[in-house]
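Enquirer: Just query_5.csv, nothing more (CSV, C-alpha atoms):
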```csv
chain,number,residue,atom,x,y,z
A,1,MET,CA,72.3,11.0,-6.0
A,2,SER,CA,76.1,11.5,-6.6
A,3,CYS,CA,77.6,12.1,-10.0
A,4,SER,CA,78.7,8.4,-10.0
A,5,ASP,CA,75.1,7.3,-9.3
A,6,LEU,CA,73.9,9.5,-12.1
A,7,CYS,CA,76.5,8.1,-14.5
A,8,THR,CA,75.5,4.5,-13.5
A,9,ASP,CA,71.8,5.2,-14.2
A,10,LEU,CA,72.6,6.9,-17.5
A,11,CYS,CA,74.7,3.9,-18.6
A,12,ASN,CA,72.2,1.3,-17.4
A,13,ASP,CA,68.8,2.9,-18.2
A,14,GLY,CA,69.7,5.7,-20.7
A,15,ILE,CA,67.9,8.1,-18.3
A,16,ALA,CA,69.0,9.7,-15.0
A,17,VAL,CA,67.1,12.0,-12.7
A,18,ARG,CA,68.7,13.9,-9.9
A,19,ASP,CA,66.6,15.9,-7.5
A,20,ARG,CA,68.1,18.9,-5.6
A,21,PHE,CA,70.8,19.2,-8.2
A,22,LEU,CA,70.3,22.9,-7.5
A,23,THR,CA,69.5,24.4,-4.2
A,24,GLN,CA,66.5,26.7,-3.7
A,25,ARG,CA,69.0,29.7,-3.6
A,26,GLN,CA,70.4,28.7,-6.9
A,27,VAL,CA,67.0,28.2,-8.5
A,28,GLN,CA,65.8,31.6,-7.4
A,29,ALA,CA,69.1,33.3,-8.6
A,30,LEU,CA,68.8,31.6,-12.0
A,31,VAL,CA,65.1,32.7,-12.3
A,32,LYS,CA,66.3,36.3,-11.8
A,33,CYS,CA,68.9,35.8,-14.4
A,34,ALA,CA,66.3,34.6,-16.9
A,35,GLU,CA,64.0,37.5,-16.1
A,36,SER,CA,66.9,40.0,-16.6
A,37,ARG,CA,67.6,38.4,-20.0
A,38,ARG,CA,63.9,38.5,-20.9
A,39,ARG,CA,63.6,42.2,-20.0
A,40,ARG,CA,66.5,43.1,-22.3
A,41,GLY,CA,65.0,41.1,-25.2
A,42,ASP,CA,67.3,38.0,-25.3
A,43,PHE,CA,64.4,35.5,-25.6
A,44,VAL,CA,63.2,34.6,-29.0
A,45,ALA,CA,60.4,32.3,-30.3
A,46,ALA,CA,61.8,28.8,-30.8
A,47,ARG,CA,61.7,27.4,-34.3
A,48,ILE,CA,61.8,24.0,-35.8
A,49,GLY,CA,63.4,22.6,-38.9
A,50,ALA,CA,66.9,22.5,-40.4
A,51,ASP,CA,69.1,25.5,-40.9
A,52,ARG,CA,67.6,27.9,-43.5
A,53,GLN,CA,64.2,26.2,-43.4
A,54,ARG,CA,63.6,26.9,-39.7
A,55,GLN,CA,60.1,28.1,-38.9
A,56,ARG,CA,57.8,28.9,-36.0
A,57,ARG,CA,55.1,26.2,-35.5
A,58,GLU,CA,53.4,26.9,-32.2
A,59,GLU,CA,51.2,23.8,-32.6
A,60,ILE,CA,54.4,21.7,-32.4
A,61,ARG,CA,56.7,23.8,-30.2
A,62,GLY,CA,55.4,26.8,-28.2
A,63,ASP,CA,58.4,27.9,-26.1
A,64,SER,CA,60.7,30.9,-26.3
A,65,ILE,CA,64.4,30.4,-25.8
A,66,CYS,CA,67.6,32.3,-24.8
A,67,TRP,CA,71.0,30.8,-25.5
A,68,LEU,CA,73.4,31.0,-22.6
A,69,ASP,CA,76.2,33.1,-24.1
A,70,GLU,CA,78.8,35.4,-22.5
A,71,PRO,CA,78.7,37.7,-20.6
A,72,TRP,CA,77.3,35.3,-18.0
A,73,PHE,CA,75.6,36.3,-14.7
A,74,GLY,CA,77.3,35.0,-11.6
A,75,PRO,CA,74.7,32.3,-10.9
A,76,GLU,CA,75.0,31.1,-14.5
A,77,ARG,CA,78.8,30.8,-14.2
A,78,GLU,CA,78.3,28.8,-11.0
A,79,LEU,CA,76.0,26.4,-12.8
A,80,LEU,CA,78.3,26.0,-15.8
A,81,GLU,CA,81.1,25.1,-13.4
A,82,SER,CA,78.9,22.3,-11.9
A,83,LEU,CA,78.0,21.0,-15.3
A,84,GLU,CA,81.6,21.0,-16.3
A,85,GLU,CA,82.3,18.8,-13.3
A,86,LEU,CA,79.5,16.5,-14.4
A,87,ARG,CA,80.9,16.4,-18.0
A,88,LEU,CA,84.2,15.2,-16.7
A,89,GLN,CA,82.6,12.6,-14.5
A,90,LEU,CA,80.6,11.2,-17.4
A,91,ASN,CA,83.7,11.0,-19.5
A,92,ARG,CA,85.5,9.1,-16.8
A,93,GLY,CA,82.6,6.8,-15.9
A,94,ALA,CA,81.0,6.2,-19.3
A,95,LEU,CA,83.7,7.1,-21.9
A,96,LEU,CA,81.2,9.2,-23.8
A,97,GLY,CA,83.8,11.6,-25.4
A,98,LEU,CA,81.9,14.7,-24.4
A,99,PHE,CA,83.9,17.9,-25.0
A,100,GLU,CA,81.5,20.9,-24.9
A,101,LEU,CA,78.1,22.1,-23.7
A,102,GLU,CA,75.4,24.1,-25.4
A,103,LEU,CA,72.7,25.4,-23.1
A,104,HIS,CA,69.6,27.7,-23.3
A,105,TYR,CA,66.7,28.9,-21.2
A,106,ALA,CA,63.3,27.6,-22.3
A,107,ARG,CA,60.1,29.3,-21.2
A,108,TYR,CA,56.7,27.7,-22.0
A,109,PRO,CA,53.7,29.9,-21.4
A,110,PRO,CA,50.4,28.3,-20.3
A,111,GLY,CA,48.8,26.1,-23.0
A,112,SER,CA,52.1,25.4,-24.8
A,113,GLY,CA,54.3,22.3,-25.1
A,114,TYR,CA,56.6,20.5,-27.5
A,115,ALA,CA,55.4,17.6,-29.6
A,116,ARG,CA,57.3,14.3,-29.7
A,117,HIS,CA,60.7,14.7,-31.2
A,118,VAL,CA,64.4,13.7,-31.0
A,119,ASP,CA,67.3,16.1,-30.2
A,120,GLN,CA,69.7,15.1,-32.9
A,121,PRO,CA,69.1,16.9,-36.2
A,122,GLN,CA,69.0,14.7,-39.2
A,123,ARG,CA,72.4,13.1,-39.9
A,124,ARG,CA,74.1,15.0,-37.1
A,125,ASP,CA,75.3,13.2,-34.0
A,126,GLN,CA,77.3,15.7,-31.9
A,127,ARG,CA,74.6,15.8,-29.2
A,128,ARG,CA,75.3,12.9,-27.0
A,129,VAL,CA,73.6,13.6,-23.6
A,130,SER,CA,70.5,15.8,-23.3
A,131,LEU,CA,70.1,17.8,-20.1
A,132,VAL,CA,67.1,19.6,-18.5
A,133,ILE,CA,67.3,21.6,-15.3
A,134,TYR,CA,64.0,22.9,-13.9
A,135,LEU,CA,63.5,26.3,-12.3
A,136,ASN,CA,59.8,26.0,-11.3
A,137,GLU,CA,59.2,26.5,-7.6
A,138,ASP,CA,56.0,25.1,-5.9
A,139,TRP,CA,55.1,23.0,-9.0
A,140,GLU,CA,52.1,20.7,-8.6
A,141,ALA,CA,51.1,17.7,-10.6
A,142,CYS,CA,48.0,19.5,-11.8
A,143,ASP,CA,50.2,22.1,-13.5
A,144,GLY,CA,51.1,19.7,-16.3
A,145,GLY,CA,54.3,20.4,-18.2
A,146,GLU,CA,55.8,16.9,-17.7
A,147,LEU,CA,58.8,15.7,-19.7
A,148,ARG,CA,57.6,12.5,-21.4
A,149,ILE,CA,60.4,10.2,-22.4
A,150,PHE,CA,59.5,7.3,-24.7
A,151,ALA,CA,61.0,3.8,-24.7
A,152,ASP,CA,61.3,1.6,-27.8
A,153,ASP,CA,58.2,-0.4,-26.9
A,154,GLU,CA,56.1,2.8,-26.7
A,155,ARG,CA,55.9,2.8,-23.0
A,156,TYR,CA,56.9,6.2,-21.5
A,157,ARG,CA,58.0,7.9,-18.3
A,158,ASP,CA,56.6,11.3,-17.2
A,159,ILE,CA,58.9,13.5,-15.2
A,160,GLU,CA,57.5,16.6,-13.4
A,161,PRO,CA,59.5,19.9,-13.9
A,162,VAL,CA,60.0,20.6,-10.2
A,163,ALA,CA,62.6,23.1,-9.1
A,164,GLY,CA,66.2,22.0,-8.8
A,165,ARG,CA,65.7,18.7,-10.6
A,166,LEU,CA,68.2,17.6,-13.3
A,167,VAL,CA,67.2,15.1,-16.0
A,168,ALA,CA,69.8,13.6,-18.3
A,169,PHE,CA,69.3,11.1,-21.0
A,170,LEU,CA,71.3,9.6,-23.9
A,171,THR,CA,70.3,11.7,-26.9
A,172,GLU,CA,70.5,9.2,-29.8
A,173,ARG,CA,67.1,8.2,-31.0
A,174,ARG,CA,65.5,9.0,-27.7
A,175,GLU,CA,62.0,10.4,-28.5
A,176,HIS,CA,60.5,12.8,-25.9
A,177,ALA,CA,57.9,15.5,-25.6
A,178,VAL,CA,56.9,18.4,-23.3
A,179,MET,CA,53.3,18.0,-22.3
A,180,SER,CA,51.1,21.0,-22.3
A,181,THR,CA,51.7,23.2,-19.3
A,182,ARG,CA,49.0,25.1,-17.3
A,183,ARG,CA,51.4,27.7,-15.9
A,184,ASP,CA,54.6,29.4,-16.9
A,185,ARG,CA,57.3,26.7,-17.1
A,186,LEU,CA,61.0,27.6,-17.0
A,187,SER,CA,64.0,25.3,-17.5
A,188,LEU,CA,67.6,25.3,-18.7
A,189,THR,CA,67.9,22.8,-21.6
A,190,GLY,CA,71.0,21.7,-23.4
A,191,TRP,CA,73.4,19.0,-24.6
A,192,PHE,CA,76.8,17.6,-23.9
A,193,ARG,CA,78.3,17.3,-27.3
A,194,GLY,CA,80.9,15.0,-28.8
A,195,ARG,CA,82.8,15.4,-32.0
A,196,GLU,CA,80.8,14.6,-35.1
A,197,SER,CA,81.4,11.1,-36.4
A,198,ASN,CA,79.1,11.2,-39.4
A,199,PRO,CA,79.5,14.7,-40.8
A,200,LEU,CA,77.0,15.9,-43.4
A,201,ARG,CA,78.6,15.8,-46.9
```
In structure tokens, write the structure found in this file.
Expert:
Amino acid sequence: MSCSDLCTDLCNDGIAVRDRFLTQRQVQALVKCAESRRRRGDFVAARIGADRQRQRREEIRGDSICWLDEPWFGPERELLESLEELRLQLNRGALLGLFELELHYARYPPGSGYARHVDQPQRRDQRRVSLVIYLNEDWEACDGGELRIFADDERYRDIEPVAGRLVAFLTERREHAVMSTRRDRLSLTGWFRGRESNPLR
């Protein structure tokens, strides 16, 4: 799937899936980057809630995360360049007004997941397109860990977290969940952001 095809799917369906967005070499290199960051203590337990009330609730969200900040490793920089190209393509093809990216690693240990939720904090609308890039080699259906994306009529689509796959969806009001995983599950998760149109007062 080309960037233009991804843009078309995103505009028509609100969801786009692109397999082999990353090569096997890129996946393996990013796994090593994540492991290096984990060893130096960059991963922290993910929390839920707004600002000062954020708290750890493993029954709702069980992952640990590491925000992708400078200094970047070489493979991370390569990925960011590819995502910048995608951002520009989406702006040209869908006029989404995307101007920046926020991105983090997310690691789910066996038995964990993320309950149904939306990615836009209350009364904040900067996040326009949600992105997930999977780094799980040799993933099988029995491993669980699907991304479940809900439609307005309560039907849903399950997407397996196989290595190299990119999932993009329009963020606004899009409910989704990470189903319980049976093995370590690693991804890069983030958002293309626009300027806030309804700032909190």
Enquirer: Restricting the calculation to only C-alpha atoms: of A:Pro109, A:Arg148, A:Ser187, A:Ala163, which residue gets closest to Cys33 in chain A?
Expert: A:Ser187
Enquirer: List as a PDB file with C-alpha atoms, in the coordinates of the input the protein and nucleic acid residues near Arg174 in chain A, meaning an atom at most 9 Å away when all atoms listed in the file are counted, but skip any in the same chain fewer than 3 places from it.
Expert:
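Just written: out.pdb:
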```pdb
ATOM      1  CA  GLY A  14      69.700   5.700 -20.700  1.00  0.00           C
ATOM      2  CA  HIS A 117      60.700  14.700 -31.200  1.00  0.00           C
ATOM      3  CA  VAL A 118      64.400  13.700 -31.000  1.00  0.00           C
ATOM      4  CA  ASP A 119      67.300  16.100 -30.200  1.00  0.00           C
ATOM      5  CA  ILE A 149      60.400  10.200 -22.400  1.00  0.00           C
ATOM      6  CA  PHE A 150      59.500   7.300 -24.700  1.00  0.00           C
ATOM      7  CA  ALA A 151      61.000   3.800 -24.700  1.00  0.00           C
ATOM      8  CA  ASP A 152      61.300   1.600 -27.800  1.00  0.00           C
ATOM      9  CA  PHE A 169      69.300  11.100 -21.000  1.00  0.00           C
ATOM     10  CA  LEU A 170      71.300   9.600 -23.900  1.00  0.00           C
ATOM     11  CA  THR A 171      70.300  11.700 -26.900  1.00  0.00           C
TER      12      THR A 171
END
```
Enquirer: So how far away is CA of Val129 in chain A from CA of Arg38 in chain A, in Å?
Expert: 26.9 Å
Enquirer: Between A:Phe43, A:Trp67, A:Phe99, A:Phe73, which residue has the minimum interatomic distance to Gly194 in chain A, considering all atoms listed in the file?
Expert: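 Among A:Phe43, A:Trp67, A:Phe99, A:Phe73, it is A:Phe99 that comes nearest to Gly194 in chain A.
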Enquirer: Quote the spacing between CA of Asp143 in chain A and CA of Arg107 in chain A in Å to one decimal place.
Expert: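 Interatomic distance, CA of Asp143 in chain A to CA of Arg107 in chain A: 14.5 Å.
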Enquirer: Which is closest to Val27 in chain A among A:Gln89, A:Ser180, A:Glu154, A:Glu78, if we use all atoms listed in the file?
Expert: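 Answer, going by the shortest atom-to-atom distance: A:Glu78.
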Enquirer: For Asp5 in chain A, work out the shell of residues within 12 Å, counting only C-alpha atoms and skipping chain neighbours fewer than 4 positions away, then give it as a JSON list (two decimals) with C-alpha atoms, keeping the file's coordinate frame.
Expert:
```json
[["chain", "number", "residue", "atom", "x", "y", "z"],
["A", 1, "MET", "CA", 72.30, 11.00, -6.00],
["A", 9, "ASP", "CA", 71.80, 5.20, -14.20],
["A", 10, "LEU", "CA", 72.60, 6.90, -17.50],
["A", 11, "CYS", "CA", 74.70, 3.90, -18.60],
["A", 12, "ASN", "CA", 72.20, 1.30, -17.40],
["A", 13, "ASP", "CA", 68.80, 2.90, -18.20],
["A", 15, "ILE", "CA", 67.90, 8.10, -18.30],
["A", 16, "ALA", "CA", 69.00, 9.70, -15.00],
["A", 17, "VAL", "CA", 67.10, 12.00, -12.70],
["A", 18, "ARG", "CA", 68.70, 13.90, -9.90],
["A", 86, "LEU", "CA", 79.50, 16.50, -14.40],
["A", 89, "GLN", "CA", 82.60, 12.60, -14.50],
["A", 90, "LEU", "CA", 80.60, 11.20, -17.40],
["A", 93, "GLY", "CA", 82.60, 6.80, -15.90],
["A", 94, "ALA", "CA", 81.00, 6.20, -19.30]]
```
Enquirer: My list of candidates is A:Arg87, A:Arg173, A:Arg92, A:Arg40. Which is closest to Trp191 in chain A when distances are computed with all atoms listed in the file?
Expert: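 Once distances to Trp191 in chain A are computed over all atoms listed in the file, the minimum belongs to A:Arg87.
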Enquirer: As an exercise, work out the distance from CA of Glu102 in chain A to CA of Arg193 in chain A in Å and give it to one decimal place.
Expert: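 Atom-to-atom, CA of Glu102 in chain A to CA of Arg193 in chain A, that is 7.6 Å.
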Enquirer: Give me the residues near Gln26 in chain A as a PyMOL selection string, where near means some atom within 10 Å (using only C-alpha atoms) and where sequence neighbours in that chain fewer than 2 positions away do not count.
Expert: chain A and resi 21-24+28-32+75-76+78-79+135+163-164
Enquirer: May I have the residues within 10 Å of Pro161 in chain A as number ranges by chain, using all atoms listed in the file and disregarding those fewer than 2 positions away in the same chain?
Expert: A: 132-137, 139-141, 143-147, 158-159, 163-167, 178, 185-187
Enquirer: Considering all atoms listed in the file, return as a ChimeraX atom specification whatever protein or nucleic-acid residues lie within 7 Å of Thr189 in chain A, sequence-local ones (same chain, fewer than 6 positions apart) excluded.
Expert: /A:103-106,131-133
Enquirer: Can I get the selection written as a CSV table (one decimal), keeping the file's coordinate frame, with C-alpha atoms?
Expert:
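Written file, out-v1.csv:
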```csv
chain,number,residue,atom,x,y,z
A,103,LEU,CA,72.7,25.4,-23.1
A,104,HIS,CA,69.6,27.7,-23.3
A,105,TYR,CA,66.7,28.9,-21.2
A,106,ALA,CA,63.3,27.6,-22.3
A,131,LEU,CA,70.1,17.8,-20.1
A,132,VAL,CA,67.1,19.6,-18.5
A,133,ILE,CA,67.3,21.6,-15.3
```
Enquirer: Please rebuild range 72-100 of chain A with N, CA and C atoms and return the result as a compact mmCIF listing (two decimals), in the coordinates of the input.
Expert:
```txt
# COMPACT_ATOMS: atom_id res chain seq x y z
N TRP A 72 78.12 36.05 -18.90
CA TRP A 72 77.30 35.30 -18.00
C TRP A 72 77.05 36.07 -16.71
N PHE A 73 75.88 35.89 -16.11
CA PHE A 73 75.60 36.30 -14.70
C PHE A 73 76.35 35.35 -13.79
N GLY A 74 76.64 35.81 -12.58
CA GLY A 74 77.30 35.00 -11.60
C GLY A 74 76.70 33.63 -11.37
N PRO A 75 75.37 33.56 -11.13
CA PRO A 75 74.70 32.30 -10.90
C PRO A 75 74.84 31.33 -12.11
N GLU A 76 74.82 31.90 -13.30
CA GLU A 76 75.00 31.10 -14.50
C GLU A 76 76.38 30.49 -14.58
N ARG A 77 77.37 31.29 -14.24
CA ARG A 77 78.80 30.80 -14.20
C ARG A 77 78.91 29.67 -13.22
N GLU A 78 78.28 29.82 -12.05
CA GLU A 78 78.30 28.80 -11.00
C GLU A 78 77.73 27.48 -11.55
N LEU A 79 76.61 27.58 -12.25
CA LEU A 79 76.00 26.40 -12.80
C LEU A 79 76.87 25.75 -13.87
N LEU A 80 77.46 26.57 -14.73
CA LEU A 80 78.30 26.00 -15.80
C LEU A 80 79.52 25.28 -15.18
N GLU A 81 80.02 25.76 -14.06
CA GLU A 81 81.10 25.10 -13.40
C GLU A 81 80.66 23.68 -12.88
N SER A 82 79.44 23.61 -12.34
CA SER A 82 78.90 22.30 -11.90
C SER A 82 78.69 21.37 -13.04
N LEU A 83 78.22 21.89 -14.17
CA LEU A 83 78.00 21.00 -15.30
C LEU A 83 79.31 20.58 -15.96
N GLU A 84 80.34 21.40 -15.85
CA GLU A 84 81.60 21.00 -16.30
C GLU A 84 82.17 19.81 -15.51
N GLU A 85 81.94 19.87 -14.20
CA GLU A 85 82.30 18.80 -13.30
C GLU A 85 81.56 17.49 -13.73
N LEU A 86 80.27 17.65 -14.02
CA LEU A 86 79.50 16.50 -14.40
C LEU A 86 79.97 15.95 -15.77
N ARG A 87 80.32 16.81 -16.70
CA ARG A 87 80.90 16.40 -18.00
C ARG A 87 82.10 15.49 -17.80
N LEU A 88 83.00 15.95 -16.96
CA LEU A 88 84.20 15.20 -16.70
C LEU A 88 83.93 13.85 -16.06
N GLN A 89 82.97 13.84 -15.12
CA GLN A 89 82.60 12.60 -14.50
C GLN A 89 82.00 11.61 -15.48
N LEU A 90 81.16 12.10 -16.38
CA LEU A 90 80.60 11.20 -17.40
C LEU A 90 81.63 10.68 -18.34
N ASN A 91 82.59 11.49 -18.67
CA ASN A 91 83.70 11.00 -19.50
C ASN A 91 84.49 9.92 -18.85
N ARG A 92 84.75 10.12 -17.55
CA ARG A 92 85.50 9.10 -16.80
C ARG A 92 84.73 7.83 -16.61
N GLY A 93 83.44 7.99 -16.27
CA GLY A 93 82.60 6.80 -15.90
C GLY A 93 82.00 6.10 -17.06
N ALA A 94 81.73 6.81 -18.17
CA ALA A 94 81.00 6.20 -19.30
C ALA A 94 81.71 6.31 -20.61
N LEU A 95 82.86 6.98 -20.63
CA LEU A 95 83.70 7.10 -21.90
C LEU A 95 82.84 7.61 -23.03
N LEU A 96 82.11 8.71 -22.79
CA LEU A 96 81.20 9.20 -23.80
C LEU A 96 81.86 10.21 -24.76
N GLY A 97 83.07 10.64 -24.49
CA GLY A 97 83.80 11.60 -25.40
C GLY A 97 83.09 12.91 -25.50
N LEU A 98 82.61 13.43 -24.37
CA LEU A 98 81.90 14.70 -24.40
C LEU A 98 82.97 15.83 -24.24
N PHE A 99 82.85 16.86 -25.09
CA PHE A 99 83.90 17.90 -25.00
C PHE A 99 83.33 19.30 -24.94
N GLU A 100 82.02 19.51 -25.05
CA GLU A 100 81.50 20.90 -24.90
C GLU A 100 80.01 20.80 -24.52
```
